[in-house]
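Inspection log for the structure reproduced underneath, given as structure tokens.
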2 protein chains.
Amino acid sequence: MRKQTMYKWAAAVAVLGLLIFMVTCGKNGEQAGQTTASGDVQSVAEARGLNPADLVAAAKTYVPTGQHDEYVMFGSGGHSGQVLVIGVPSMRLLKVIGVFTPEPWQGWGYSKETRAILKAGNPAGKELNWGDTHHPALSETEGDYDGEYLFINDKANARVAVVDLKDFETKQIIKNPISLSDHGGTFVTPNTEWVIEGGQYAMPLNGEYASLDEYKEKYRGMITFWKFDREKGRIVTDESFALELPPYWQDLSDAGKLVSDGWIFLNSFNTELSTGGVEEGNPPFEAGASQRDMDYLHVINLEKAVELYEAGKTTKVGGFDLLSLETLTEEGVLNFVPEPKSPHGVDVTPDGNFLVISGKLDPHVTVYNFTKIKEAIENENFETRDEYGVPVINFDAVVETQIEVGLGPLHTQFDPNGFAYTSLFLESAVARWTLGEEWSDKHGKEPWSLVDKISVHYNVGHLAAAEGDNVNPDGKYLVSLNKWSVDRFTNVGPLLPQNFQLIDISDTKGNMQLLYDMPIGIGEPHYAQIIKADKLKGWDVYPEIGWSPGKQAKDANGIQPGQEQVKRSGKNVEIWMSAIRSHYTPERVNVKKGDHVTWHITNVERAKDATHGFGLPYYNYNLSIEPGETQTVEFVADKAGVFPFYCTEFCSALHLEMAGYFLVQP
Amino acid sequence: MRKQTMYKWAAAVAVLGLLIFMVTCGKNGEQAGQTTASGDVQSVAEARGLNPADLVAAAKTYVPTGQHDEYVMFGSGGHSGQVLVIGVPSMRLLKVIGVFTPEPWQGWGYSKETRAILKAGNPAGKELNWGDTHHPALSETEGDYDGEYLFINDKANARVAVVDLKDFETKQIIKNPISLSDHGGTFVTPNTEWVIEGGQYAMPLNGEYASLDEYKEKYRGMITFWKFDREKGRIVTDESFALELPPYWQDLSDAGKLVSDGWIFLNSFNTELSTGGVEEGNPPFEAGASQRDMDYLHVINLEKAVELYEAGKTTKVGGFDLLSLETLTEEGVLNFVPEPKSPHGVDVTPDGNFLVISGKLDPHVTVYNFTKIKEAIENENFETRDEYGVPVINFDAVVETQIEVGLGPLHTQFDPNGFAYTSLFLESAVARWTLGEEWSDKHGKEPWSLVDKISVHYNVGHLAAAEGDNVNPDGKYLVSLNKWSVDRFTNVGPLLPQNFQLIDISDTKGNMQLLYDMPIGIGEPHYAQIIKADKLKGWDVYPEIGWSPGKQAKDANGIQPGQEQVKRSGKNVEIWMSAIRSHYTPERVNVKKGDHVTWHITNVERAKDATHGFGLPYYNYNLSIEPGETQTVEFVADKAGVFPFYCTEFCSALHLEMAGYFLVQP
């Protein structure tokens with residue numbers, strides 16, 4: 001290198017960069033020269049056809065420039081495979097986090113490091129590049145969201161992912177070793193010791209073929225308890241285990257808290273053991289699995305299960321520790337409670353003492369008293385055992401009450417004022433009802449009674465209230481996650497967005513109020529959790545230059561400015577490159593066809609938002625390299641030619657000039 | 001099949017389905033039982049810290065439930081590889097359209113049909129799964145958006161895609177055969193006969209290796225003209241051609257209109273022929289490519305180029321028709337106009353007679369008079385020729401004026417009132433200035449003068465005014481596409497969203513007003529166009545049951561209910577399956593390991609929004625099948641076992657029961 005010339009240019013560039021930085025960043029936080037909207041609200045409202053209630057709703061949701069949303073909602077992205085981060089009350093999409101699907105804007109699944117994380121979730125011999133994210137779960141401390149981690153499951157292939165909220169990136173993907181289908185995950189225990197993944201469609205747990213004629217004998221359900229190490233920010237697979245369950249289709253789950261801490265609740269349907277086959281004259285699944293009036297809520301003594309696991313009472317299936325159905329029954333780990341009709345949601349009240357179950361085809365919610373369940377188990381107050389020998393607790397002994405809320409109840413969330421909110425799919429509405437006498441001083445209404453209902457548009461699935469499923473719900477806001485939008489938005493073709501409707505639940509004397517329709521044209525969001533924004537402590541930039549987000553530590557190949565180099569050893573070429581506004585060093589990379597190329601790129605910026613990209617044509621790479629970050633791509637230069645690489649993130653006025661040539665000699 | 005039993009069940013299911021349909025869809029369009037926000041706007045404003053201007057902005061952007069946005073913005077998704085569809089003025093993301101990156105929510109890139117469309121865009125021997133979308137272009141009729149098609153380019157690999165706005169799906173992806181890099185695309189001619197794709201980083205057009213030492217001789221720029229067949233909705237590659245250009249880095253382009261119809265304008269930088277190599281003591285690109293005071297606006301006579309192409313004056317490069325630089329010069333197709341300094345945007349005024357050029361390092365916009373350019377060409381009023389023999393028109397002869405607008409001007413849009421709007425990257429602002437005397441009766445101000453400026457947050461790249469680059473701009477709204485957000489939104493980690501700021505430009509006597517900040521946490525949106533929503537005529541559902549979106553015609557494998565079947569021929573198993581709320585027929589699919597499976601699924605629904613998914617574990621498939629649509633997956637059943645497939649789109653109360661078993665016998 002002709003170092004002096006290089007430094008001369010580097011100095012010139014640094015001055016230019018500083019100038020750009022000063023000009024572009026000097027105004028952060030102030031409003032110099034900004035002209036905001038003026039005029040008369042009433043005349044604007046008249047011109048736009050807004051009524052007084054619309055204006056109030058607008059005032060309740062509008063967040064002016066520079067102010068921030070009060071809450072952040074983490075929504076699953078459904079079969080987009082991702083996680084959506086949404087500001088509340090403005091209902092603005094702040095970010096999409098790449099989880100199960102490669103996403104080039106974030107460079108997710110393109111670098112060596114992120115590909116390895118994705119690959120760890122592949123079932124043997126098959127690369128997966130999508131997921132069906134269902135239930136995001138924020139990490140909790142003493143039953144309250146702590147803003148540190150987010151977990152999410154992939155229903156389509158039974159996988160679980162860990163997202164670190166320091167940088168909002170996925171750190172781990174785990175394939176469930178005994179199932180290809182989950183649903184009742186992820187949910188966490190009150191101190192996030194365990195991440196729950198309940199199954200869905202039963203199958204042989206050893207992964208082998210078995211005919212549907214052997215359904216009862218060979219197919220099984222499951223629930224898996226993943227041990228989470230908060231220090232490492234990782235699930236520890238070899239400290240995790242699963243329970244073998246009857247081949248009912250297990251569904252939603254929830255962890256107990258406070259009085260019910262140490263217990264897990266999991267409901268199920270298809271206790272009929274229907275196996276479909278309408279084409280063979282059998283009842284189709286939707287009828288066959290809906291014949292019985294009652295299915296079974298699974299009440300699991302997790303503390304006891306952990307004891308058995310630690311005592312080595314498991315068998316290995318697919319290399320994974322499994323507590324057999326026989327052991328569970330013998331040791332009293334598993335009990336059933338009858339639940340009506342076509343059950344779906346199970347939600348534990350903030351005090352941990354009541355379970356709210358909704359049956360899709362029953363207009364009531366059924367409220368169970370956990371204290372009574374515990375007593376019934378202790379007293380063996382069983383009405384029968386199911387055909388797998390699991391005790392079925394006497395329904396009447398444990399039901400606190402049933403409340404008629406409307407058609408197609410699914411899921412329930414809570415507020416701090418003794419109200420519960422249940423989504424009504426068939427009725428396209430949200431019901432507000434009161435919890436029992438213990439909360440009377442808060443809600444001041446008849447206990448266990450329906451007090452309000454609001455229409456939503458349309459077909460609500462889950463709903464999410466602000467911190468509405470933890471021990472300290474916040475109230476204020478509730479989001480109805482509606483599956484259909486039909487006529488709500490401008491036509492965008494036959495595939496319509498879904499509709500997240502924001503509902504104001506702060507008026508506890510009056511009614512719920514619809515505030516905002518947010519189209520979701522980027523997935524089928526399934527469930528969401530809403531956390532107070534100030535609990536999140538995301539990093540502005542990575543802590544040090546040369547950081548590996550995958551390790552959350554310094555990367556061995558991270559470099560400081562001036563340490564750039566290219567090393568060749570036989571057919572191996574290794575490049576350590578820096579990126580800064582607005583150039584790569586080196587700008588020219590020469591290799592020979594057939595060379596094995598390992599290319600490390602470090603963003604040596606320390607300014608917030610100074611992200612650089614790295615797009616390389618033909619070789620199919622794009623990286624997003626945030627300030628301080630190091631990423632690596634590794635490939636064989638199998639095609640000779642000239643490949644201009646460039647920064648894909650608009651980083652400065654001379655961003656277009658941030659480019660270089662990758663030259664592959666024949 | 002035991003048909004009678006099957007029909008009995010089918011009838012029962014139909015009744016249930018009808019009930020669900022009535023309950024869920026009966027309320028469309030009405031507001032039965034809906035409670036909207038009430039209360040006092042002023043007290044809400046006080047509680048939330050909103051000032052009077054904030055309230056006006058809220059009133060100007062809020063769209064109540066059931067009402068629709070007035071405009072739709074199509075934004076590129078940058079290196080997400082997709083297109084964003086956004087409602088204006090609410091700034092809500094209505095949909096993400098999968099283009100260059102596979103996207104499972106839409107089933108984009110998972111079915112046989114959509115994979116084939118993506119694959120057609122692969123460079124020889126390499127599968128690409130991302131793109132860097134840059135400039136969306138709506139199809140035009142007589143220079144005005146007609147709402148029929150959308151085109152977009154991939155800068156990273158030089159590709160062009162066609163999206164049909166009947167169903168908002170990508171129909172075609174074309175790899176540019178002579179380059180791996182583009183920028184100045186896509187833009188269309190006033191009747192969409194041609195889709196323009198201008199190059200960016202020069203390279204040997206034959207795709208072969210050449211050292212940077214031979215840059216001047218062997219590297220070239222290009223612009224490609226893709227012929228569009230509106231009837232077929234496809235680009236016709238063998239009626240398309242390209243121009244060989246000097247190895248300057250061509251940049252933005254625009255098509256002439258009205259008086260300049262038939263002409264194409266393309267600017268460039270790096271006329272210094274800098275080849276980077278800071279590590280070798282050369283000037284880094286950002287300095288080396290910014291040394292000259294003037295680069296060259298390329299003025300291209302498209303009509304003449306087409307004549308030459310049709311007369312067979314092309315040579316074949318990479319099998320593609322190319323008009324050589326020599327031919328272009330000899331025949332007068334290409335002329336240059338000097339343009340200052342580090343030029344970026346070139347934008348033609350609504351009347352077609354002026355070109356607005358912004359140089360990133362020059363605080364002026366330079367306005368050229370097309371009539372004068374034409375005269376200069378006719379009179380050969382050239383000041384010199386460049387080193388490739390291209391005539392350089394006398395700058396003074398064609399410049400109408402220069403207006404000092406501020407630091408780092410980039411792009412310009414227009415309104416119907418004689419105002420132009422230019423983004424200022426370095427200043428983080430948008431400048432409003434007046435067009436010339438011809439528009440004086442509209443703007444009523446000093447011609448060619450800066451009249452207003454508004455701060456944006458931060459680092460604006462492109463901007464988009466309502467229909468602001470066609471012959472009939474609408475005014476009203478302008479969106480500033482800001483590259484950095486820094487402090488505007490809640491912290492979501494080191495990778496920040498960008499910020500689309502909506503600006504009210506309707507007050508032509510007073511000032512521009514900032515209305516709304518929209519975070520974009522899903523790509524680096526580059527450019528956008530805004531169309532009046534009522535110009536879009538998207539389908540509610542596909543026209544007939546058994547529709548192929550890829551062909552926009554009936555699919556040979558589409559079926560009606562009752563036509564479901566499974567056929568086996570040797571190791572080939574072919575399945576014709578129907579999907580309807582809430583079951584698949586058949587529900588059981590039995591094959592043997594090693595079978596070649598071809599699986600056609602038709603959504604036989606006719607109700608709007610009744611989309612079904614199809615998720616198949618391990619085999620890595622997800623489809624989104626809209627009402628009427630048929631899609632196919634094809635694979636070898638290489639693993640024995642039990643694979644529960646299910647509907648990934650929440651379609652009814654018994655959606656969870658919409659499942660089946662794919663059984664692969666060993």
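By convention here, the chains of the structure tokens are called A, B, ... in the order presented, each chain's residues are numbered starting at 1, and ligands are numbered starting at 1 in the order presented.
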### Task
Determine which residues of stretch 558-632 of chain A receive a DSSP assignment of strand (DSSP E), computed from the backbone, and state them as a PyMOL selection string.
chain A and resi 565-569+572-580+583-585+588-592+596-603+612-616+621-625+630-632
### Task
For stretch 198-200 of chain A, please output as a ChimeraX atom specification all residues within 9 Å (counting only C-alpha atoms; exclusion window: fewer than 4 positions along the same chain).
/A:155,158,179-186,221-225,248-253,266,268
### Message
Give me the residues near A:Asp229 as a VMD selection string, where near means some atom within 9 Å (using only C-alpha atoms) and where sequence neighbours in that chain fewer than 4 positions away do not count.
### Response
chain A and resid 192 to 193 233 to 236
Please save N, CA and C atoms of the selected residues as a tab-separated table (two decimals), in the first residue's frame.
```tsv
chain	number	residue	atom	x	y	z
A	192	THR	N	-39.32	-16.82	33.78
A	192	THR	CA	-38.73	-17.19	32.50
A	192	THR	C	-37.73	-18.35	32.64
A	193	GLU	N	-37.93	-19.17	33.67
A	193	GLU	CA	-37.08	-20.35	33.76
A	193	GLU	C	-37.40	-21.31	32.63
A	233	GLY	N	-28.69	-15.90	27.48
A	233	GLY	CA	-29.70	-15.51	26.50
A	233	GLY	C	-30.04	-16.63	25.54
A	234	ARG	N	-29.91	-17.87	26.01
A	234	ARG	CA	-30.16	-19.03	25.14
A	234	ARG	C	-30.97	-20.10	25.87
A	235	ILE	N	-31.75	-20.81	25.10
A	235	ILE	CA	-32.38	-22.03	25.59
A	235	ILE	C	-31.30	-23.11	25.67
A	236	VAL	N	-31.34	-23.86	26.76
A	236	VAL	CA	-30.35	-24.94	26.93
A	236	VAL	C	-31.07	-26.25	26.61
```
#### Entry: Atomic separation - atom CA of B:Gly641 relative to atom CA of B:Pro666, Å
7.5 Å
#### Entry: Residues near B:Gly121, cut-off 8 Å, only C-alpha atoms, skip fewer than 4 positions along chain, as a list of chain:residue names
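In the requested format, the answer is B:Ile117, B:Leu128, B:Arg159, B:Ile173, B:Ile174, B:Lys175.
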#### Entry: Distance criterion (only C-alpha atoms): nearest to B:Leu165 out of B:Ile97, B:Ala464, B:Val85, B:Leu150
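With only C-alpha atoms as the atom set, the closest residue is B:Leu150.
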### Query
At what distance in Å, to one decimal, does atom CA of B:Val664 lie from atom CA of A:Ile178?
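Going from atom CA of A:Ile178 over to atom CA of B:Val664 covers 17.1 Å.
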